[in-house]
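*Asks:* Can you read through this structure? Questions will come right after.
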Amino acid sequence: MKKHLLFLALGVFGGVVPSFAGEAAANGCRAVWTELTLEVGNGLFTRRYEARGGVLRTLSLVRTDGTTWPGRPSVGGVAADALVVVAEPAKWSPVGVEGLRVHVTAGGQTTRLDLYPNMPGVIATRPGVTTFKPVHDADRAWDLRSSAGLRPVLDASDVLSLDRRHVKATSFVCRDQTDIRDQLLDVDARLLMNYDWAYSLAASALDLRDVLTGEGVVFVRLAPMPASRPQPVDDFVVSGANQAVALLANGFPLVELAYAGGDAGRLRALVAFQRSIRPYRPGRDGLLLSNTWGAGNRDSRICQDFLLKEIEAGARMGVDVIQIDDGWQRGRTQNSQKKVAAGQKKVWNGYWAADPDFWKEDRERFPDGLGFLVKAARAKGLRFGLWFGPDSSDDAANWERDADCLLDYHRRLGIDFFKMDSMKLLSPRALARNRRMFDKMLAESDGDMVFDLDCTAEIRPGFLGLLDIGPLFVENRYTRRPVYWPHHTLKNLWDLSHVIDPVRLRFEFNNPDTNHANYEWSPLGHGNYRPDTLFATVMAASPLAWMELSDVSEASQTAIAALVKTWKAERARWHGGVIHPVANRPDGVAWTGFVSEAADGAGGYALLFRELNEMADFSLDLAPIFGHARLSNAAVIGGRGTARLDGTRLVVSVPDRLDFVWVALRP
């Protein structure tokens, strides 16, 4: 690899002799620059920039098929800035793919661009924050369109032109704090008109697509959800009248991807960028994890003998990881049902101040220590996990102490899986320290430590703030109260899969045998589903057995284990591809499901659910995903029903309501 570090201003970097052109390359990514222009790209795209007024501005974004999205670089009368460029190989984090990182300084401002070989675009980290009066109410859009409003925003931002296209602008806002909400993705779609005034928005993602061609650009903000950011900041300004989108600088990186192929092409681009930051690794990602907290008993049963029973039951069901939630440690949280000793108190933050030994294992509950249970699990082919609450006090000042604590359990006992809960990240400093905590653990464990980031409560980085650390623990749904509805969990997984790689989502299925009386009024209660169907509702994600396994009946264990065995045999190929949500949005009475497009291009899988409806037969057109690639074999590998191919259509029949069929598709 040839690497150049070129500087255009004498004395900026210790008297380096100025140069006016250069190039750099790393792992299929490239950057080429002159005194006034920069070009970056890989085998999928090329993007050209210049800088004016200290802002790096797009000249053009071109896919390798020739699709071009022009920029709007001019700023009334402002000359182009000279560029200072530094490029080097880099990863987003210790677990990422190696790509090329380009630092561009112009007009005293530095923008960072990250490129990766399989990602059709860049991740741009822009300096500063674009300041303007946010306008979310379309009736007041004139405030932003005026010369005192829109023009300064466009002058201070990188801008892409939407000229000569019929554009649909679709924004996606992911919503966490799932203990108080069940609508986890809000979608707003607008057809832009050339007299539409501008509107600003804060969003997790924004898709701009030419409806005639299916070509588009999609942007993803790598940040906490809009409602969970330390300060309210917008991400975009979209103007139909100006046929442009302004990419606002707000302190958080922005992923900027070009795609073709409609919804399927957009999802391929989104998964490609997520797997550039955290590649899918069989044996580490997409595993079946169990956690007893879902039974509703909190920590009341946690002890050595009980965990030995859980290990036995987990081995019978095919669980990969046995995880202990809150209650394994010496200290007591406010969720604990165990009484505390004199002088102790229950806390939900400030753990180190409450007790310097808070995170030592509880020897009363585990007389032989956690190491004994880890060995017992390993003897059955299972791995082990723990719950943990990083200390948020004083803007996460104890981040390094937290990291060292978990690294000790990883090194000493071989524990790799940690559910991260109770965090309250209320400031930019707390977010930065939290990031350093995870970076330290990922680097020092060579990426073997896996963290489930709890998204159920508090102010946390959420779905897009920490892409690389592991799956997201999405929701708590219990059968003790009537809040576990399989079709709601399936709906949330299906919704989020439009933006989030499903393997990054930890979704639960609950005990098929418990608390049926709480649901007897409804035909959609979990007791009306077969046990393996409950597992199937979440097997497109990283599944969570949210239950006390030792309380599951032998018949249910056997039914679940049979499907888990097949899923394990197929999951590297199943998760290794791009998993698309297909058919209808789950609502309890729909036909719905997922299609996995195998990474090797040779077919894939279809997982289709017949909810509570009277239609035993369903037909799904596979052409939007597979094009006209010939598929000649559709073999049922799970569930109950039949499947056949009719041209590009998959035709299935599922005899019973609230059931599913899983089909392997081959050329």
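If you're wondering about the labels, chains in the structure tokens are A, B, ... by order shown, residues count from 1 in each chain, ligands from 1 in order shown.
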Within 10 Å of Ile277 (chain A), counting only C-alpha atoms, which residues qualify if same-chain residues fewer than 5 places away don't, as a list in words?
*Replies:* Lys91, Trp92, Ser93, Pro94, Val95, Gly96, Val97, Glu98, Tyr116, Val271, Ala272, Leu466, Leu467, Asp468 and Ile469 of chain A
*Asks:* Would you write out those residues with N, CA, C and O atoms, as an mmCIF file, in the first residue's frame?
*Replies:*
```
data_model
loop_
_atom_site.group_PDB
_atom_site.id
_atom_site.type_symbol
_atom_site.label_atom_id
_atom_site.label_comp_id
_atom_site.auth_asym_id
_atom_site.auth_seq_id
_atom_site.Cartn_x
_atom_site.Cartn_y
_atom_site.Cartn_z
ATOM 1 N N LYS A 91 -9.555 1.903 11.202
ATOM 2 C CA LYS A 91 -10.830 1.241 11.479
ATOM 3 C C LYS A 91 -11.705 2.204 12.267
ATOM 4 O O LYS A 91 -11.200 3.086 12.960
ATOM 5 N N TRP A 92 -13.029 1.997 12.195
ATOM 6 C CA TRP A 92 -13.918 2.823 12.995
ATOM 7 C C TRP A 92 -13.705 2.559 14.472
ATOM 8 O O TRP A 92 -13.731 3.456 15.300
ATOM 9 N N SER A 93 -13.501 1.284 14.817
ATOM 10 C CA SER A 93 -13.249 0.883 16.197
ATOM 11 C C SER A 93 -12.417 -0.381 16.155
ATOM 12 O O SER A 93 -12.140 -0.911 15.071
ATOM 13 N N PRO A 94 -12.008 -0.906 17.307
ATOM 14 C CA PRO A 94 -11.154 -2.100 17.291
ATOM 15 C C PRO A 94 -11.749 -3.308 16.575
ATOM 16 O O PRO A 94 -11.003 -4.206 16.176
ATOM 17 N N VAL A 95 -13.074 -3.377 16.402
ATOM 18 C CA VAL A 95 -13.679 -4.551 15.766
ATOM 19 C C VAL A 95 -14.025 -4.303 14.301
ATOM 20 O O VAL A 95 -14.573 -5.178 13.636
ATOM 21 N N GLY A 96 -13.731 -3.120 13.762
ATOM 22 C CA GLY A 96 -14.184 -2.768 12.429
ATOM 23 C C GLY A 96 -13.300 -3.293 11.313
ATOM 24 O O GLY A 96 -12.225 -3.861 11.527
ATOM 25 N N VAL A 97 -13.765 -3.094 10.086
ATOM 26 C CA VAL A 97 -13.010 -3.405 8.876
ATOM 27 C C VAL A 97 -12.015 -2.275 8.628
ATOM 28 O O VAL A 97 -12.314 -1.105 8.876
ATOM 29 N N GLU A 98 -10.832 -2.610 8.128
ATOM 30 C CA GLU A 98 -9.875 -1.561 7.807
ATOM 31 C C GLU A 98 -10.294 -0.838 6.534
ATOM 32 O O GLU A 98 -10.684 -1.449 5.539
ATOM 33 N N TYR A 116 -14.837 2.559 3.564
ATOM 34 C CA TYR A 116 -14.599 1.126 3.742
ATOM 35 C C TYR A 116 -14.900 0.413 2.427
ATOM 36 O O TYR A 116 -15.710 0.887 1.628
ATOM 37 N N VAL A 271 -26.871 -2.193 5.505
ATOM 38 C CA VAL A 271 -26.203 -3.333 6.148
ATOM 39 C C VAL A 271 -24.707 -3.303 5.859
ATOM 40 O O VAL A 271 -23.884 -3.602 6.735
ATOM 41 N N ALA A 272 -24.329 -2.918 4.639
ATOM 42 C CA ALA A 272 -22.903 -2.859 4.293
ATOM 43 C C ALA A 272 -22.164 -1.888 5.205
ATOM 44 O O ALA A 272 -21.050 -2.179 5.670
ATOM 45 N N LEU A 466 -23.894 3.476 19.254
ATOM 46 C CA LEU A 466 -22.752 2.585 19.514
ATOM 47 C C LEU A 466 -22.916 1.325 18.667
ATOM 48 O O LEU A 466 -23.218 0.245 19.170
ATOM 49 N N LEU A 467 -22.704 1.471 17.367
ATOM 50 C CA LEU A 467 -22.980 0.376 16.443
ATOM 51 C C LEU A 467 -22.063 -0.829 16.619
ATOM 52 O O LEU A 467 -22.428 -1.944 16.259
ATOM 53 N N ASP A 468 -20.886 -0.624 17.162
ATOM 54 C CA ASP A 468 -19.844 -1.638 17.071
ATOM 55 C C ASP A 468 -19.717 -2.526 18.294
ATOM 56 O O ASP A 468 -18.951 -3.482 18.285
ATOM 57 N N ILE A 469 -20.465 -2.257 19.384
ATOM 58 C CA ILE A 469 -20.171 -2.957 20.633
ATOM 59 C C ILE A 469 -20.896 -4.291 20.755
ATOM 60 O O ILE A 469 -20.519 -5.143 21.560
#
```
*Asks:* Mind checking DSSP for region 75-206 of chain A and telling me the strand (DSSP E) residues as number ranges by chain?
*Replies:* A: 84-90, 99-106, 109-115, 121-125, 158-161, 167-174, 185-191, 199-201, 205-206
*Asks:* Do you know which residues are at most 7 Å from region 496-510 of chain A counting only C-alpha atoms, after dropping those on the same chain fewer than 5 positions away, and could you put them as a list of chain:residue names?
*Replies:*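 So the residues in contact are A:Leu185, A:Leu267, A:Leu270, A:Val271, A:Gly286, A:Gly470, A:Pro471, A:Leu472, A:Phe473, A:Val474, A:Leu534, A:Phe535, A:Val538, A:Ala540, A:Ala541, A:Ser542, A:Pro543, A:Leu544, A:Ala545, A:Trp546, A:Met547, A:His575, A:Pro581.
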*Asks:* Select, from A:Ala31, A:Ala21, A:Val233, A:Ala156, the residue with the minimum atom-to-atom distance to Arg52 (chain A), counting only C-alpha atoms.
*Replies:* A:Ala156
*Asks:* Using CA of Arg48 (chain A) and CA of Val211 (chain A) as the two end points, give the distance in Å to one decimal.
*Replies:*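 Rounded to one decimal, the two atoms are 25.0 Å apart.
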*Asks:* Out of A:Asn613, A:Leu184, A:Pro70, A:Val578, which residue has the shortest atom-to-atom distance to Glu597 (chain A) when counting only C-alpha atoms?
*Replies:*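 Selected residue with least distance to Glu597 (chain A): A:Val578.
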*Asks:* Do a neighbour search on Gly371 (chain A) at 9 Å with only C-alpha atoms, toss out local chain neighbours closer than 5 positions, and write the hits as a PyMOL selection string.
*Replies:* chain A and resi 376+412-414
*Asks:* Just want the 8 Å neighbourhood of Trp574 (chain A), counted on only C-alpha atoms, with same-chain residues fewer than 5 positions away dropped. Output as a list of chain:residue names.
*Replies:*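 The neighbour list is A:Ile579, A:Ser596, A:Ala598, A:Gly604, A:Tyr605.
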*Asks:* If we count only C-alpha atoms, what is near Leu208 (chain A) at a cut-off of 12 Å, once residues fewer than 4 positions away on the same chain are taken out, given as a ChimeraX atom specification?
*Replies:* /A:69,160-163,165-172,188-192,213-220,236,238-240,243-245,256-260,262-263,266
*Asks:* What's the 7 Å shell around Glu310 (chain A), counting only C-alpha atoms, without same-chain residues fewer than 3 positions away, as a ChimeraX atom specification?
*Replies:* /A:306-307,313-314,549-550
*Asks:* Rounded to one decimal, what separation in Å do you get between CA of Val122 (chain A) and CA of Met420 (chain A)?
*Replies:*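 Distance between the two atoms: 29.4 Å.
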*Asks:* By how many Å are CA of Gly462 (chain A) and CA of Asp395 (chain A) apart?
*Replies:*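 Separation between CA of Gly462 (chain A) and CA of Asp395 (chain A): 17.5 Å.
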